[in-house]
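**Student:** Contents of start-v2.pdb (PDB, C-alpha atoms) are given next:
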ATOM      1  CA  MET A  29      -5.506 -12.313   3.567  1.00  0.00           C
ATOM      2  CA  ASN A  30      -4.361 -10.830   0.253  1.00  0.00           C
ATOM      3  CA  PHE A  31      -5.750  -7.818  -1.556  1.00  0.00           C
ATOM      4  CA  ARG A  32      -7.191  -8.587  -4.964  1.00  0.00           C
ATOM      5  CA  GLY A  33      -9.765  -7.277  -7.366  1.00  0.00           C
ATOM      6  CA  ARG A  34     -10.923  -3.855  -8.451  1.00  0.00           C
ATOM      7  CA  SER A  35     -13.611  -1.639  -6.984  1.00  0.00           C
ATOM      8  CA  GLN A  36     -14.975   1.834  -7.482  1.00  0.00           C
ATOM      9  CA  ARG A  37     -15.338   4.169  -4.516  1.00  0.00           C
ATOM     10  CA  SER A  38     -16.312   7.773  -3.929  1.00  0.00           C
ATOM     11  CA  LEU A  39     -14.403  10.324  -1.904  1.00  0.00           C
ATOM     12  CA  ASP A  40     -16.460  12.349   0.540  1.00  0.00           C
ATOM     13  CA  PRO A  41     -15.833  16.111   0.964  1.00  0.00           C
ATOM     14  CA  LYS A  42     -13.194  15.356   3.640  1.00  0.00           C
ATOM     15  CA  GLY A  43     -11.223  13.105   1.269  1.00  0.00           C
ATOM     16  CA  ARG A  44     -12.331   9.831   2.883  1.00  0.00           C
ATOM     17  CA  PHE A  45     -13.432   6.635   1.189  1.00  0.00           C
ATOM     18  CA  MET A  46     -14.986   3.450   2.508  1.00  0.00           C
ATOM     19  CA  LEU A  47     -12.707   0.448   2.292  1.00  0.00           C
ATOM     20  CA  SER A  48     -14.432  -2.771   1.246  1.00  0.00           C
ATOM     21  CA  PRO A  49     -15.159  -5.309   4.015  1.00  0.00           C
ATOM     22  CA  GLU A  50     -12.731  -7.768   2.383  1.00  0.00           C
ATOM     23  CA  TYR A  51      -9.888  -5.254   2.458  1.00  0.00           C
ATOM     24  CA  ARG A  52     -10.684  -4.285   6.062  1.00  0.00           C
ATOM     25  CA  GLU A  53     -10.545  -7.962   6.992  1.00  0.00           C
ATOM     26  CA  SER A  54      -7.201  -8.389   5.203  1.00  0.00           C
ATOM     27  CA  LEU A  55      -5.782  -5.373   7.039  1.00  0.00           C
ATOM     28  CA  SER A  56      -7.070  -6.680  10.348  1.00  0.00           C
ATOM     29  CA  LEU A  57      -5.575 -10.123   9.773  1.00  0.00           C
ATOM     30  CA  ARG A  58      -2.228  -8.589   8.862  1.00  0.00           C
ATOM     31  CA  MET A  59      -2.253  -6.742  12.198  1.00  0.00           C
ATOM     32  CA  GLN A  60      -2.797  -9.915  14.183  1.00  0.00           C
ATOM     33  CA  LYS A  61      -0.476 -12.681  15.193  1.00  0.00           C
ATOM     34  CA  SER A  62      -0.221 -15.552  12.802  1.00  0.00           C
ATOM     35  CA  GLU A  63       0.808 -19.020  13.908  1.00  0.00           C
ATOM     36  CA  ASN A  64       4.409 -17.902  13.373  1.00  0.00           C
ATOM     37  CA  GLY A  65       4.020 -14.656  15.352  1.00  0.00           C
ATOM     38  CA  LEU A  66       3.896 -11.098  14.087  1.00  0.00           C
ATOM     39  CA  PHE A  67       4.982 -10.173  10.586  1.00  0.00           C
ATOM     40  CA  VAL A  68       8.467  -9.254  11.823  1.00  0.00           C
ATOM     41  CA  PRO A  69      10.941  -8.119   9.162  1.00  0.00           C
ATOM     42  CA  GLN A  70      13.254 -10.965   8.182  1.00  0.00           C
ATOM     43  CA  ASN A  71      16.789 -10.742   9.604  1.00  0.00           C
ATOM     44  CA  SER A  72      15.761  -7.606  11.466  1.00  0.00           C
ATOM     45  CA  THR A  73      18.368  -6.135  13.761  1.00  0.00           C
ATOM     46  CA  ASP A  74      16.520  -2.886  14.334  1.00  0.00           C
ATOM     47  CA  MET A  75      15.184  -3.081  17.893  1.00  0.00           C
ATOM     48  CA  GLN A  76      13.048   0.015  17.377  1.00  0.00           C
ATOM     49  CA  THR A  77      11.200  -1.692  14.522  1.00  0.00           C
ATOM     50  CA  GLU A  78      10.729  -4.860  16.547  1.00  0.00           C
ATOM     51  CA  ASN A  79       9.438  -2.854  19.513  1.00  0.00           C
ATOM     52  CA  ALA A  80       6.952  -1.108  17.236  1.00  0.00           C
ATOM     53  CA  LEU A  81       5.825  -4.461  15.913  1.00  0.00           C
ATOM     54  CA  ASN A  82       5.490  -6.055  19.336  1.00  0.00           C
ATOM     55  CA  GLN A  83       4.090  -3.203  21.415  1.00  0.00           C
ATOM     56  CA  GLU A  84       2.830  -0.187  19.549  1.00  0.00           C
ATOM     57  CA  PHE A  85       0.452  -2.102  17.279  1.00  0.00           C
ATOM     58  CA  ALA A  86      -0.356  -5.286  19.086  1.00  0.00           C
ATOM     59  CA  PRO A  87      -3.053  -7.529  17.626  1.00  0.00           C
ATOM     60  CA  THR A  88      -6.524  -6.126  17.955  1.00  0.00           C
ATOM     61  CA  ASP A  89     -10.069  -6.738  16.873  1.00  0.00           C
ATOM     62  CA  ASN A  90     -10.838  -3.013  17.006  1.00  0.00           C
ATOM     63  CA  LYS A  91     -11.109  -1.831  13.391  1.00  0.00           C
ATOM     64  CA  ALA A  92     -10.334   1.750  14.495  1.00  0.00           C
ATOM     65  CA  ASP A  93      -6.819   0.615  15.414  1.00  0.00           C
ATOM     66  CA  ILE A  94      -5.956  -0.681  11.954  1.00  0.00           C
ATOM     67  CA  LYS A  95      -3.080   1.339  10.537  1.00  0.00           C
ATOM     68  CA  VAL A  96      -2.012   1.703   6.907  1.00  0.00           C
ATOM     69  CA  VAL A  97       0.718   3.680   5.202  1.00  0.00           C
ATOM     70  CA  ILE A  98      -0.238   5.445   2.005  1.00  0.00           C
ATOM     71  CA  THR A  99       2.475   6.692  -0.308  1.00  0.00           C
ATOM     72  CA  THR A 100       3.040   8.165  -3.739  1.00  0.00           C
ATOM     73  CA  TYR A 101       4.205   6.170  -6.736  1.00  0.00           C
ATOM     74  CA  ASP A 102       3.571   5.807 -10.472  1.00  0.00           C
ATOM     75  CA  ARG A 103       0.774   8.428 -10.783  1.00  0.00           C
ATOM     76  CA  CYS A 104      -1.269   6.752  -8.029  1.00  0.00           C
ATOM     77  CA  LEU A 105      -1.270   6.133  -4.288  1.00  0.00           C
ATOM     78  CA  VAL A 106      -0.126   2.841  -2.803  1.00  0.00           C
ATOM     79  CA  ALA A 107      -1.442   1.610   0.559  1.00  0.00           C
ATOM     80  CA  TYR A 108       0.510  -0.869   2.678  1.00  0.00           C
ATOM     81  CA  PRO A 109      -0.579  -2.587   5.872  1.00  0.00           C
ATOM     82  CA  TRP A 110       1.464  -1.134   8.742  1.00  0.00           C
ATOM     83  CA  LEU A 111       3.616  -4.185   9.442  1.00  0.00           C
ATOM     84  CA  ASP A 112       4.343  -4.762   5.755  1.00  0.00           C
ATOM     85  CA  TRP A 113       5.416  -1.120   5.512  1.00  0.00           C
ATOM     86  CA  LEU A 114       7.822  -1.535   8.441  1.00  0.00           C
ATOM     87  CA  LYS A 115       9.389  -4.510   6.671  1.00  0.00           C
ATOM     88  CA  LEU A 116       9.777  -2.485   3.477  1.00  0.00           C
ATOM     89  CA  GLU A 117      11.360   0.439   5.353  1.00  0.00           C
ATOM     90  CA  GLU A 118      13.778  -1.987   6.985  1.00  0.00           C
ATOM     91  CA  GLN A 119      14.847  -3.190   3.535  1.00  0.00           C
ATOM     92  CA  PHE A 120      15.477   0.398   2.420  1.00  0.00           C
ATOM     93  CA  THR A 121      17.699   1.054   5.458  1.00  0.00           C
ATOM     94  CA  ARG A 122      19.997  -1.789   4.407  1.00  0.00           C
ATOM     95  CA  ILE A 123      20.956  -0.141   1.115  1.00  0.00           C
ATOM     96  CA  ALA A 124      24.556   0.975   1.500  1.00  0.00           C
ATOM     97  CA  ASN A 125      25.626   3.999  -0.553  1.00  0.00           C
ATOM     98  CA  PRO A 126      22.489   4.304  -2.679  1.00  0.00           C
ATOM     99  CA  SER A 127      22.745   5.823  -6.148  1.00  0.00           C
ATOM    100  CA  SER A 128      21.239   9.222  -6.880  1.00  0.00           C
ATOM    101  CA  ASN A 129      18.305   7.439  -8.572  1.00  0.00           C
ATOM    102  CA  VAL A 130      17.597   5.372  -5.459  1.00  0.00           C
ATOM    103  CA  ARG A 131      17.869   8.480  -3.268  1.00  0.00           C
ATOM    104  CA  ALA A 132      15.395  10.295  -5.527  1.00  0.00           C
ATOM    105  CA  PHE A 133      13.057   7.303  -5.436  1.00  0.00           C
ATOM    106  CA  ARG A 134      13.232   7.233  -1.615  1.00  0.00           C
ATOM    107  CA  ARG A 135      12.255  10.911  -1.568  1.00  0.00           C
ATOM    108  CA  LEU A 136       9.175  10.149  -3.657  1.00  0.00           C
ATOM    109  CA  PHE A 137       8.216   6.858  -2.045  1.00  0.00           C
ATOM    110  CA  ILE A 138       9.209   7.091   1.616  1.00  0.00           C
ATOM    111  CA  GLY A 139       9.073  10.879   1.752  1.00  0.00           C
ATOM    112  CA  GLY A 140       5.538  10.742   0.360  1.00  0.00           C
ATOM    113  CA  ALA A 141       4.345   8.233   2.958  1.00  0.00           C
ATOM    114  CA  GLU A 142       1.594   9.105   5.425  1.00  0.00           C
ATOM    115  CA  GLU A 143       0.232   6.942   8.232  1.00  0.00           C
ATOM    116  CA  GLN A 144      -3.527   6.602   8.422  1.00  0.00           C
ATOM    117  CA  ILE A 145      -5.821   4.741  10.808  1.00  0.00           C
ATOM    118  CA  LEU A 146      -9.146   3.372   9.629  1.00  0.00           C
ATOM    119  CA  ASP A 147     -11.984   5.110  11.402  1.00  0.00           C
ATOM    120  CA  ALA A 148     -14.816   3.231  13.118  1.00  0.00           C
ATOM    121  CA  GLN A 149     -16.772   3.087   9.826  1.00  0.00           C
ATOM    122  CA  GLY A 150     -13.817   1.568   7.920  1.00  0.00           C
ATOM    123  CA  ARG A 151     -12.906   4.755   6.074  1.00  0.00           C
ATOM    124  CA  ILE A 152      -9.449   5.984   5.136  1.00  0.00           C
ATOM    125  CA  ARG A 153      -8.683   9.683   4.786  1.00  0.00           C
ATOM    126  CA  LEU A 154      -6.473  10.849   1.949  1.00  0.00           C
ATOM    127  CA  SER A 155      -4.554  14.068   2.517  1.00  0.00           C
ATOM    128  CA  GLN A 156      -4.915  16.993   0.148  1.00  0.00           C
ATOM    129  CA  GLU A 157      -1.305  16.448  -0.970  1.00  0.00           C
ATOM    130  CA  HIS A 158      -2.007  12.833  -1.851  1.00  0.00           C
ATOM    131  CA  ARG A 159      -5.213  13.693  -3.689  1.00  0.00           C
ATOM    132  CA  GLU A 160      -3.347  16.327  -5.706  1.00  0.00           C
ATOM    133  CA  TYR A 161      -0.447  13.976  -6.521  1.00  0.00           C
ATOM    134  CA  ALA A 162      -2.768  11.232  -7.845  1.00  0.00           C
ATOM    135  CA  LYS A 163      -5.262  13.706  -9.350  1.00  0.00           C
ATOM    136  CA  LEU A 164      -8.097  12.247  -7.295  1.00  0.00           C
ATOM    137  CA  ASP A 165     -11.415  14.041  -7.290  1.00  0.00           C
ATOM    138  CA  LYS A 166     -14.735  12.382  -6.489  1.00  0.00           C
ATOM    139  CA  GLU A 167     -14.432   8.891  -7.967  1.00  0.00           C
ATOM    140  CA  ILE A 168     -11.503   6.538  -7.322  1.00  0.00           C
ATOM    141  CA  THR A 169     -10.564   3.002  -8.302  1.00  0.00           C
ATOM    142  CA  ILE A 170      -9.026   0.614  -5.787  1.00  0.00           C
ATOM    143  CA  LEU A 171      -6.816  -2.198  -7.145  1.00  0.00           C
ATOM    144  CA  GLY A 172      -5.706  -5.105  -4.960  1.00  0.00           C
ATOM    145  CA  LEU A 173      -2.129  -6.255  -5.567  1.00  0.00           C
ATOM    146  CA  THR A 174      -1.707  -9.110  -3.048  1.00  0.00           C
ATOM    147  CA  ASN A 175       0.243  -7.394  -0.218  1.00  0.00           C
ATOM    148  CA  ARG A 176      -0.892  -3.816  -0.956  1.00  0.00           C
ATOM    149  CA  PHE A 177      -3.512  -1.898  -2.877  1.00  0.00           C
ATOM    150  CA  GLU A 178      -3.406   1.079  -5.205  1.00  0.00           C
ATOM    151  CA  ILE A 179      -5.715   4.077  -5.303  1.00  0.00           C
ATOM    152  CA  TRP A 180      -6.185   5.521  -8.782  1.00  0.00           C
ATOM    153  CA  ASN A 181      -7.931   8.254 -10.666  1.00  0.00           C
ATOM    154  CA  PRO A 182     -10.066   6.057 -13.000  1.00  0.00           C
ATOM    155  CA  THR A 183      -9.063   8.026 -16.115  1.00  0.00           C
ATOM    156  CA  LEU A 184      -5.336   7.791 -15.322  1.00  0.00           C
ATOM    157  CA  LEU A 185      -5.662   4.066 -14.628  1.00  0.00           C
ATOM    158  CA  LYS A 186      -7.311   3.510 -17.992  1.00  0.00           C
ATOM    159  CA  GLN A 187      -4.552   5.503 -19.738  1.00  0.00           C
ATOM    160  CA  SER A 188      -1.892   3.544 -17.850  1.00  0.00           C
ATOM    161  CA  MET A 189      -3.394   0.219 -18.893  1.00  0.00           C
ATOM    162  CA  GLU A 190      -3.565   1.297 -22.547  1.00  0.00           C
ATOM    163  CA  GLU A 191       0.181   2.075 -22.518  1.00  0.00           C
ATOM    164  CA  ILE A 192       1.220  -1.483 -21.626  1.00  0.00           C
ATOM    165  CA  ASP A 193       2.478  -4.090 -24.088  1.00  0.00           C
ATOM    166  CA  PHE A 194       1.026  -7.171 -22.416  1.00  0.00           C
ATOM    167  CA  ASN A 195       2.930  -9.553 -24.709  1.00  0.00           C
ATOM    168  CA  ALA A 196       6.212  -8.169 -23.355  1.00  0.00           C
ATOM    169  CA  VAL A 197       4.871  -8.494 -19.813  1.00  0.00           C
ATOM    170  CA  SER A 198       3.997 -12.135 -20.409  1.00  0.00           C
ATOM    171  CA  ASP A 199       7.534 -12.794 -21.653  1.00  0.00           C
ATOM    172  CA  GLU A 200       9.026 -11.023 -18.626  1.00  0.00           C
ATOM    173  CA  LEU A 201       6.844 -13.072 -16.252  1.00  0.00           C
ATOM    174  CA  ASN A 202       7.886 -16.293 -17.957  1.00  0.00           C
ATOM    175  CA  GLU A 203      11.561 -15.301 -17.595  1.00  0.00           C
ATOM    176  CA  SER A 204      11.040 -14.745 -13.866  1.00  0.00           C
ATOM    177  CA  GLY A 205       9.569 -18.234 -13.447  1.00  0.00           C
ATOM    178  CA  ILE A 206       5.856 -17.383 -13.523  1.00  0.00           C
ATOM    179  CA  ASP A 207       4.062 -19.579 -16.062  1.00  0.00           C
ATOM    180  CA  PHE A 208       1.519 -17.213 -17.534  1.00  0.00           C
ATOM    181  CA  ALA A 209       0.358 -19.108 -20.600  1.00  0.00           C
ATOM    182  CA  LEU A 210      -3.184 -18.227 -21.667  1.00  0.00           C
TER     183      LEU A 210
END
I need this file expressed as structure tokens, please.

**Tutor:**
Amino acid sequence: MNFRGRSQRSLDPKGRFMLSPEYRESLSLRMQKSENGLFVPQNSTDMQTENALNQEFAPTDNKADIKVVITTYDRCLVAYPWLDWLKLEEQFTRIANPSSNVRAFRRLFIGGAEEQILDAQGRIRLSQEHREYAKLDKEITILGLTNRFEIWNPTLLKQSMEEIDFNAVSDELNESGIDFAL
């Protein structure tokens, strides 16, 4: 049910790419009821959000009804399953008196969000604005990150990975309780 791994895809002339069968299955499962019900935001008091969760996007086996939200962040695009996105938006609405940095981040992240529905062939369309933001041309790289996936220009991804001090990351993970000893 999680997104993981890396794959290369091509954009067609309309800005669409084929999502892997594993990712389509993960999206489909996230749209369906689990044993505990829908993925309702925790402590949600927003009836509009709950109505959207319970009615607008009820569980379905029809792949054409699978909805994702794609947004801008960190030189790439980030795709969230619809219900996970609603939960994230709910968390943003609870921030009282956000700082100017948080307001600017919301403009980038939430303001850059676009809803997309997988077509019958399992393709997602990227808008021209999103392709320009992430500098996407013909080839793209998809990275699974458990509850979401990123869409990268392969050259920018490589540059991004070269900029990271992985020893510092390992220390930070250890401090957060993740044992990452190799």

**Student:** In terms of the shortest atom-to-atom distance over all atoms listed in the file, which of A:Leu146, A:Tyr51, A:Leu173, A:Ile179 is closest to A:Tyr101?

**Tutor:**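 Comparing A:Leu146, A:Tyr51, A:Leu173, A:Ile179 against A:Tyr101, the winner is A:Ile179.
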
**Student:** Measuring atom to atom with all atoms listed in the file, identify which of A:Thr99, A:Ser54, A:Ser35, A:Asn195 is nearest to A:Thr174.

**Tutor:**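 Result for the nearest residue to A:Thr174: A:Ser54.
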
**Student:** So that I can see what lies close to A:Tyr161, please list as a list in words the residues with an atom at most 12 Å from it, counting only C-alpha atoms and leaving out residues fewer than 5 positions away in the same chain.

**Tutor:** Thr99, Thr100, Tyr101, Asp102, Arg103, Cys104, Leu105, Val106, Leu136, Gly140, Leu154, Ser155, Gln156, Ile179, Trp180, Asn181 and Leu184 of chain A

**Student:** Of the candidates A:Val97, A:Leu164, A:Ser198, A:Phe137, which shows the shortest atom-to-atom distance to A:Asp112, using only C-alpha atoms?

**Tutor:**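 Of all the options, A:Val97 lies closest to A:Asp112.
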
**Student:** Report the residues retrieved by the PyMOL selection byres ((chain A and resi 167) around 7) from the displayed file, expressed as a list in words.

**Tutor:**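 Given this file, the PyMOL selection byres ((chain A and resi 167) around 7) evaluates to Arg37, Ser38, Leu39, Asp165, Lys166 and Ile168 of chain A.
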
**Student:** For those residues, write C-alpha atoms to a file as a PDB file, keeping the file's coordinate frame.

**Tutor:**
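The resulting file, result.pdb, is reproduced below:
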ATOM      1  CA  ARG A  37     -15.338   4.169  -4.516  1.00  0.00           C
ATOM      2  CA  SER A  38     -16.312   7.773  -3.929  1.00  0.00           C
ATOM      3  CA  LEU A  39     -14.403  10.324  -1.904  1.00  0.00           C
ATOM      4  CA  ASP A 165     -11.415  14.041  -7.290  1.00  0.00           C
ATOM      5  CA  LYS A 166     -14.735  12.382  -6.489  1.00  0.00           C
ATOM      6  CA  ILE A 168     -11.503   6.538  -7.322  1.00  0.00           C
TER       7      ILE A 168
END

**Student:** Calculated over only C-alpha atoms, which of the candidates A:His158, A:Lys42, A:Arg34, A:Arg134 has the smallest distance to A:Gln119?

**Tutor:**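 Of A:His158, A:Lys42, A:Arg34, A:Arg134, the one nearest A:Gln119 is A:Arg134, counting only C-alpha atoms.
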
**Student:** With distances taken over all atoms listed in the file, which of A:Arg159, A:Arg52, A:Arg135, A:Arg122 is nearest to A:Val96?

**Tutor:**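 Looking only at the distances to A:Val96, the closest residue turns out to be A:Arg52.
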
**Student:** Translate the PyMOL selection byres ((chain A and resi 46) around 7), as applied to the file shown, into an explicit residue set as a list in words.

**Tutor:** Arg44, Phe45, Leu47, Ser48, Gly150, Arg151 and Ile152 of chain A

**Student:** Convert the current residue selection to file output with C-alpha atoms, as a compact mmCIF listing (two decimals), in the coordinates of the input.

**Tutor:**
# COMPACT_ATOMS: atom_id res chain seq x y z
CA ARG A 44 -12.33 9.83 2.88
CA PHE A 45 -13.43 6.64 1.19
CA LEU A 47 -12.71 0.45 2.29
CA SER A 48 -14.43 -2.77 1.25
CA GLY A 150 -13.82 1.57 7.92
CA ARG A 151 -12.91 4.76 6.07
CA ILE A 152 -9.45 5.98 5.14

**Student:** Considering all atoms listed in the file, can you say which of A:Ile94, A:Gln36, A:Thr169, A:Pro41 comes closest to A:Gln149?

**Tutor:**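 Nearest candidate to A:Gln149 out of A:Ile94, A:Gln36, A:Thr169, A:Pro41: A:Ile94.
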
**Student:** Box for stretch 191-204 of chain A: with edges along x, y and z, all listed atoms inside and 6 Å added on each side, what are the centre and edge lengths in Å to one decimal, as lines of an AutoDock Vina configuration file?

**Tutor:**
center_x = 5.9
center_y = -7.1
center_z = -19.3
size_x = 23.4
size_y = 30.4
size_z = 22.8

**Student:** Can you work out the spacing between atom CA of A:Leu111 and atom CA of A:Gly33 in Å, to one decimal?

**Tutor:**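 Interatomic distance here is 21.7 Å.
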